[in-house]
Structures are given as C-alpha cells and as structure tokens.
Amino acid sequence: MLTLNHLHVIEPHEDLVRIESNERNIRITLLPSAEPIKLVRVKWSLDTSFMQKVMPDTWGVALADMKWHTLPLPHPAQWYFAAYDGKYTHGFGVKTGCNSFCSWEIEADGVVLNCDVRNGGEGVTLTEPLLCAETVYYKSEDGQTPYAACHAFCRLMSTKSSYPDRPIYGFNTWYYTYGNITRASVLEDARLCARLASKIDEGAPRPFMVIDDGWNKHGTSEYNGGPFVPNDDFADMAEVAKEISAIGCEPGIWVRPLLVLDELCPEIPEDCYSENQDHKCPGKVLDPTTPGAQKYIRELISSLANSGYRLIKHDFTCPDLMGFDFLKPNLTREGWHWKDRTKTNAQVCKELYTLIQEAAGGAYIIGCNIYNHLAAGIHDIVRSGCDTSGHHWEITRDYGINTLAFRTYQNKAFFMTDADCAAFTDRVPVDLNLQFSELLSISDSAFFISAAPGILSDEDEARLMDMFRRITRPGSDLEPLDWQERMVPEQFFGDGQIRQYSWDESPK
C-alpha cells in the first residue's frame, strides 16, 4: 500500500531527499545541505476511509491512554499505527533503529510520515547522507486476530531483536518503600523472593532482587541522580550483591546515568553538560555526545556490573535527554543543540543505549523511561509503561493493565516488555494485584512484584509461588480479547483458556 507511485516529498526540497524502494519497503534518505534541516515530510496518496479503528503507538512509555481510536487521532501516531477495516489489520510504520523520530498523520486522502531529524531543538548539520527511516507496511492474513497481526507487524518492523533467553522475574523494592530502604530491608525482601521461588522446577533460573532508588548517598526526596556512592547503611554494594546471591536471588540495581551533582563531580569538564537543563530538579544533565560524559556513564554502569549486579535498570533518559516535552509531539523545546551537531536526536539516543549496554558486559539491562523503538535490538528488556502504584489501585489498573494489553504484542519482537510491578501494600487491594500478577506470569514478559512486609497471607504466598513456577516454564502466551472496546481489558486468552477479570476496587 505504500508505493513510490503514490509518494511525494512535502519538505525539505525534493532535491535533498533520496527515495529508494524494494518489493516491501521504502528508504528515505536526507542528503547534506548548506542549511541545517529539522524535518523531512513525505506523503502517500491513498483513501483512508477503510480505517474503522486505529491504534497509534507512542515514542516512550505508555501513559494509560493506549486504545483503539476512530479518526481523527488526537495527535500524530508515533513510530507506527495499526488500522482495522472490520476484517483485516493493516500496519503502517518504520523499522526499528531509525535515525529520526518518526510520526504519522492520517488524512482523508493519504498518510504523512514526519521524520524529525533535529539535533537538540535545532536543525542537524549533516556531513554525509542520513537514512532517516525505512517504511514498513503489513496486512494481516485471513483469520488472524488484530493482536496476532500487531505482533507479526512488530516482527516485520524489527531490524534486530534482543531479549533474554531466560525468564525475567522477581522483586523490586520501590513500590512499597518509595526509596526508604535499608540493607536489612533489601535482604528481607530477598528472603521472601527466594521463598516464593522455592517451588520452581529444578534447574530453572533464579529470581532477581532489584534494589531500586534509595541506596545512593546523595539521594534525597528532591534528587535521585549521581554521583552514585552507597550510603553508610549499604556501605559496600559488592558485599550486598553477594548477600543477595547467597540468599538465592540474582542481584539487580537501579541507576539514573545522565543526572549528576556537578559540584561533586570535578572530574567531569564543564563542556560535558547539556544545554537543555529542563529536568526540574537539582543537578545537571550530561551531554552524551561528549567524551567526558561517555566516560562517566561507562564507568558507572561497568562498576555496577563488576560489583555483581546481573540486572541493571537505568532510568530517566527520556526527560534527561529531551526535557519535559519528551513524550509530546514536539519532543523537545527549540533553541538548543548537542555539542556534536552532526547527529540527530535519534542517533544520540541509540549511541547512549549502546554505550550502556556494552558497559554492562554480560548483565541484563532494563531500560526504563526510554525511547522504545530506538532501544530495540540494543536492550534486552524495556519498561513499556509508566509507574504502577502501591498507593492507589486505579494507577496500577490504568497504567499496568493498559500497558500489558496494548504493549505486550511487542514482546520478543523488539525486546522483552515489562508492564511494571504488582505492588502489594495495605493501601491497595491484594486480590486485584494477585489478578494482575497472574496475567504477568502467563504473559511471557517480565514479571516483578513489590511486597510490604507482612502484607501477604500464607494463601497469597502460595498463589505467588505457583505464578513464579509458571513463568519459569516456556510456552506461555497472552492476548486481550476485548481491547478494541476497552482501554483496560477484562477478558484475556492465556495459558490455553479464556480468563475473565474485574478491575474495579470494592468500596470500603
């Protein structure tokens, strides 16, 4: 459906854009010019009236608003969109790992692909031709469900997928402590995590015990960046990793690699900081195109891996790179640029993710709050939605379950998806979080929980033991059945049966 015969360049001048095609895809290349370029726009003329329902993606985490729309869309679809005509599902997108931030506008007489090639908030200065994007079009097979079609479409978009060859599951400290952790509390969590994994089959991989924010000496309620030095209670993070491992879990840890307190980092030259300090908290953001920033990031990640952490969760690179417009259609504010002006924002992101992945050695990386299409093929695991909650069940319902339903078709096509934690506290219903946990455990995606001490009954623990055992066995699958009608689906097909849920919190 996307063919050269129906395509024309809107901007910049067509002499600056090279269009090539093969049987399935169209490659859009921007040529160097005397003037910096911000945007490449091309349009395919076609009748879009067949699009009864449209599901757009977003550049980063899902924000509880993923759903099937009727046209017009509230804003351009980011990376790709799926369109349903009543019988077939059509996918319009770009291959992963592209060198621009891509979005789609659907008009009555065609579709427009926007390739944002800015460097920061200004135009990019190219020294050689830039492949902005390679388009992908997919039409479902007879009898293929929209969900299965979206998964097949993601596989077609994927230039290179990367995901763990083992289940990723376990504990995370954040959703009942919110950073108020101690060495003792982490080890107690590890003991509970190991106990819940006591029924897994012999030889199955052990669960992860992820230490989230709260271990850093310089962390406060207002600040969660570097330099990352263990506080006096944790003292030696390598020793903590050994203790976690001795209990029966694989050690994991959280970090924010781009934000530092510059007065505590005299070794970082002043020219290594970004011009875009739009992060609304203390500290300064690094410019990852500079050698000094790259050195700091590389040493931070490698030090955690060398201390025995087999899973590293890095966070906040979207707002730290782009500022607080990071998920909006405009992406970032105008009037700033990276020190290296020859690279697009997409290239800067990809090079940062590659640096982090390589510095981790053999450790798994979870990218949290990152640009998913750009991390595909680089990171093994990607947080697909915004934070769930140990304070308000409706946040977990709207974010966690919406994300699971509308992002898990990306699972093992781009990377392993992570819909975030089921949070067990005295402020949210345990029974509803057990239902959410059940879905996670049969989804073949990442499965993490947080659990406040004493919150789980013996019966609750027994159910979670069965779920931990289930996720360590291959062959699971999950598909929402009513996702074209509901933002928070209630009916799923998983593990060979239809499962019905109710997500409403009972009145107290």
# chains A, B, ... in the order shown; residues from 1 in each chain; ligands from 1

$ residues_around --residues "Asp232 of chain A" --least-positions-apart "4" --cutoff "10 Å" --atoms "only C-alpha atoms" --output "ChimeraX atom specification"
/A:182-183,215-217,236

$ closest_atom_pairs --of "segment 135-253 of chain A" --to "segment 257-278 of chain A" --cutoff "12 Å" --atoms "only C-alpha atoms" --output "tab-separated table"
residue	atom	partner	partner_atom	distance
A:Asn216	CA	A:Val260	CA	11.9
A:Lys217	CA	A:Leu264	CA	11.9
A:His218	CA	A:Leu261	CA	8.6
A:Gly219	CA	A:Leu261	CA	10.3
A:Tyr223	CA	A:Leu261	CA	9.2
A:Asn224	CA	A:Leu259	CA	8.1
A:Gly225	CA	A:Leu259	CA	4.9
A:Gly226	CA	A:Val260	CA	4.3
A:Pro227	CA	A:Val260	CA	5.8
A:Phe228	CA	A:Val260	CA	8.7
A:Val229	CA	A:Leu264	CA	11.1

$ write_last_selection --atoms "N, CA and C atoms" --output "short mmCIF file (atom, residue, chain, number, x, y, z; two decimals), in the first residue's frame"
data_model
loop_
_atom_site.label_atom_id
_atom_site.label_comp_id
_atom_site.auth_asym_id
_atom_site.auth_seq_id
_atom_site.Cartn_x
_atom_site.Cartn_y
_atom_site.Cartn_z
N ASN A 216 21.66 5.33 47.20
CA ASN A 216 22.70 6.30 46.91
C ASN A 216 22.87 7.32 48.04
N LYS A 217 24.09 7.58 48.40
CA LYS A 217 24.44 8.53 49.47
C LYS A 217 23.89 9.92 49.20
N HIS A 218 23.84 10.31 47.94
CA HIS A 218 23.46 11.68 47.60
C HIS A 218 21.97 11.83 47.28
N GLY A 219 21.21 10.76 47.38
CA GLY A 219 19.80 10.82 47.07
C GLY A 219 18.99 11.51 48.16
N TYR A 223 16.07 14.74 44.87
CA TYR A 223 17.17 14.45 43.93
C TYR A 223 17.48 12.95 43.91
N ASN A 224 17.64 12.39 42.69
CA ASN A 224 17.94 10.95 42.59
C ASN A 224 19.01 10.65 41.54
N GLY A 225 19.92 11.60 41.33
CA GLY A 225 21.00 11.37 40.37
C GLY A 225 22.32 11.03 41.03
N GLY A 226 23.40 11.15 40.25
CA GLY A 226 24.72 10.80 40.72
C GLY A 226 25.47 11.98 41.32
N PRO A 227 26.71 11.76 41.78
CA PRO A 227 27.44 10.51 41.65
C PRO A 227 26.85 9.42 42.55
N PHE A 228 26.89 8.18 42.07
CA PHE A 228 26.29 7.07 42.79
C PHE A 228 27.33 6.41 43.69
N VAL A 229 27.15 6.69 44.98
CA VAL A 229 28.02 6.16 46.03
C VAL A 229 27.10 5.57 47.09
#

$ closest_residue --among "A:Ser45, A:Ser302, A:Glu334, A:Gly323" --to "Lys284 of chain A" --atoms "only C-alpha atoms"
A:Gly323

$ residues_around --residues "Gln78 of chain A" --least-positions-apart "6" --cutoff "7 Å" --atoms "only C-alpha atoms" --output "number ranges by chain"
A: 56-59, 102-104

$ write_last_selection --atoms "all heavy atoms" --output "PDB file, in the first residue's frame"
ATOM      1  N   PRO A  56      -2.588   3.933  17.607  1.00  0.00           N
ATOM      2  CA  PRO A  56      -1.252   4.501  17.460  1.00  0.00           C
ATOM      3  C   PRO A  56      -0.319   4.036  18.567  1.00  0.00           C
ATOM      4  O   PRO A  56      -0.766   3.650  19.649  1.00  0.00           O
ATOM      5  CB  PRO A  56      -1.510   6.002  17.577  1.00  0.00           C
ATOM      6  CG  PRO A  56      -2.687   6.099  18.501  1.00  0.00           C
ATOM      7  CD  PRO A  56      -3.526   4.873  18.239  1.00  0.00           C
ATOM      8  N   ASP A  57       0.959   4.084  18.295  1.00  0.00           N
ATOM      9  CA  ASP A  57       1.949   3.854  19.344  1.00  0.00           C
ATOM     10  C   ASP A  57       2.433   5.207  19.843  1.00  0.00           C
ATOM     11  O   ASP A  57       2.008   6.262  19.367  1.00  0.00           O
ATOM     12  CB  ASP A  57       3.114   3.008  18.823  1.00  0.00           C
ATOM     13  CG  ASP A  57       3.963   2.442  19.958  1.00  0.00           C
ATOM     14  OD1 ASP A  57       3.380   1.943  20.938  1.00  0.00           O
ATOM     15  OD2 ASP A  57       5.203   2.506  19.882  1.00  0.00           O
ATOM     16  N   THR A  58       3.338   5.170  20.834  1.00  0.00           N
ATOM     17  CA  THR A  58       3.933   6.382  21.378  1.00  0.00           C
ATOM     18  C   THR A  58       5.437   6.189  21.474  1.00  0.00           C
ATOM     19  O   THR A  58       5.931   5.063  21.512  1.00  0.00           O
ATOM     20  CB  THR A  58       3.337   6.721  22.763  1.00  0.00           C
ATOM     21  OG1 THR A  58       3.865   7.951  23.233  1.00  0.00           O
ATOM     22  CG2 THR A  58       3.639   5.629  23.768  1.00  0.00           C
ATOM     23  N   TRP A  59       6.192   7.295  21.483  1.00  0.00           N
ATOM     24  CA  TRP A  59       7.650   7.208  21.459  1.00  0.00           C
ATOM     25  C   TRP A  59       8.224   6.482  22.672  1.00  0.00           C
ATOM     26  O   TRP A  59       9.177   5.733  22.564  1.00  0.00           O
ATOM     27  CB  TRP A  59       8.245   8.619  21.390  1.00  0.00           C
ATOM     28  CG  TRP A  59       8.228   9.189  20.017  1.00  0.00           C
ATOM     29  CD1 TRP A  59       8.416   8.504  18.848  1.00  0.00           C
ATOM     30  CD2 TRP A  59       8.012  10.542  19.641  1.00  0.00           C
ATOM     31  NE1 TRP A  59       8.324   9.362  17.767  1.00  0.00           N
ATOM     32  CE2 TRP A  59       8.085  10.622  18.226  1.00  0.00           C
ATOM     33  CE3 TRP A  59       7.773  11.719  20.352  1.00  0.00           C
ATOM     34  CZ2 TRP A  59       7.941  11.808  17.525  1.00  0.00           C
ATOM     35  CZ3 TRP A  59       7.613  12.902  19.649  1.00  0.00           C
ATOM     36  CH2 TRP A  59       7.699  12.949  18.251  1.00  0.00           C
ATOM     37  N   CYS A 102      10.050   9.400  14.270  1.00  0.00           N
ATOM     38  CA  CYS A 102       9.055   9.310  13.203  1.00  0.00           C
ATOM     39  C   CYS A 102       7.637   9.338  13.758  1.00  0.00           C
ATOM     40  O   CYS A 102       7.349   8.726  14.793  1.00  0.00           O
ATOM     41  CB  CYS A 102       9.251   8.018  12.410  1.00  0.00           C
ATOM     42  SG  CYS A 102      10.832   7.955  11.536  1.00  0.00           S
ATOM     43  N   SER A 103       6.766  10.048  13.053  1.00  0.00           N
ATOM     44  CA  SER A 103       5.354  10.072  13.413  1.00  0.00           C
ATOM     45  C   SER A 103       4.519  10.114  12.138  1.00  0.00           C
ATOM     46  O   SER A 103       5.010  10.504  11.070  1.00  0.00           O
ATOM     47  CB  SER A 103       5.035  11.276  14.303  1.00  0.00           C
ATOM     48  OG  SER A 103       5.298  12.495  13.639  1.00  0.00           O
ATOM     49  N   TRP A 104       3.250   9.704  12.280  1.00  0.00           N
ATOM     50  CA  TRP A 104       2.349   9.568  11.139  1.00  0.00           C
ATOM     51  C   TRP A 104       1.100  10.415  11.345  1.00  0.00           C
ATOM     52  O   TRP A 104       0.490  10.394  12.417  1.00  0.00           O
ATOM     53  CB  TRP A 104       1.931   8.111  10.970  1.00  0.00           C
ATOM     54  CG  TRP A 104       3.044   7.167  10.662  1.00  0.00           C
ATOM     55  CD1 TRP A 104       3.905   6.595  11.561  1.00  0.00           C
ATOM     56  CD2 TRP A 104       3.424   6.679   9.379  1.00  0.00           C
ATOM     57  NE1 TRP A 104       4.788   5.775  10.913  1.00  0.00           N
ATOM     58  CE2 TRP A 104       4.518   5.807   9.567  1.00  0.00           C
ATOM     59  CE3 TRP A 104       2.934   6.881   8.086  1.00  0.00           C
ATOM     60  CZ2 TRP A 104       5.134   5.137   8.520  1.00  0.00           C
ATOM     61  CZ3 TRP A 104       3.553   6.217   7.034  1.00  0.00           C
ATOM     62  CH2 TRP A 104       4.636   5.361   7.247  1.00  0.00           C
TER      63      TRP A 104
END

$ residues_around --residues "segment 373-382 of chain A" --least-positions-apart "2" --cutoff "9 Å" --atoms "only C-alpha atoms" --output "PyMOL selection string"
chain A and resi 59-60+79+95-99+101+158-164+168+346-347+349-350+353-354+356-357+364-371+384+413-419+445-446

$ closest_residue --among "A:Tyr175, A:Gly494, A:Val255, A:Arg341" --to "Asp426 of chain A" --atoms "only C-alpha atoms"
A:Tyr175

$ residues_around --residues "Ser140 of chain A" --least-positions-apart "3" --cutoff "8 Å" --atoms "only C-alpha atoms" --output "list of chain:residue names"
A:Tyr88, A:Thr89, A:His90, A:Gln144, A:Pro146, A:Ala149
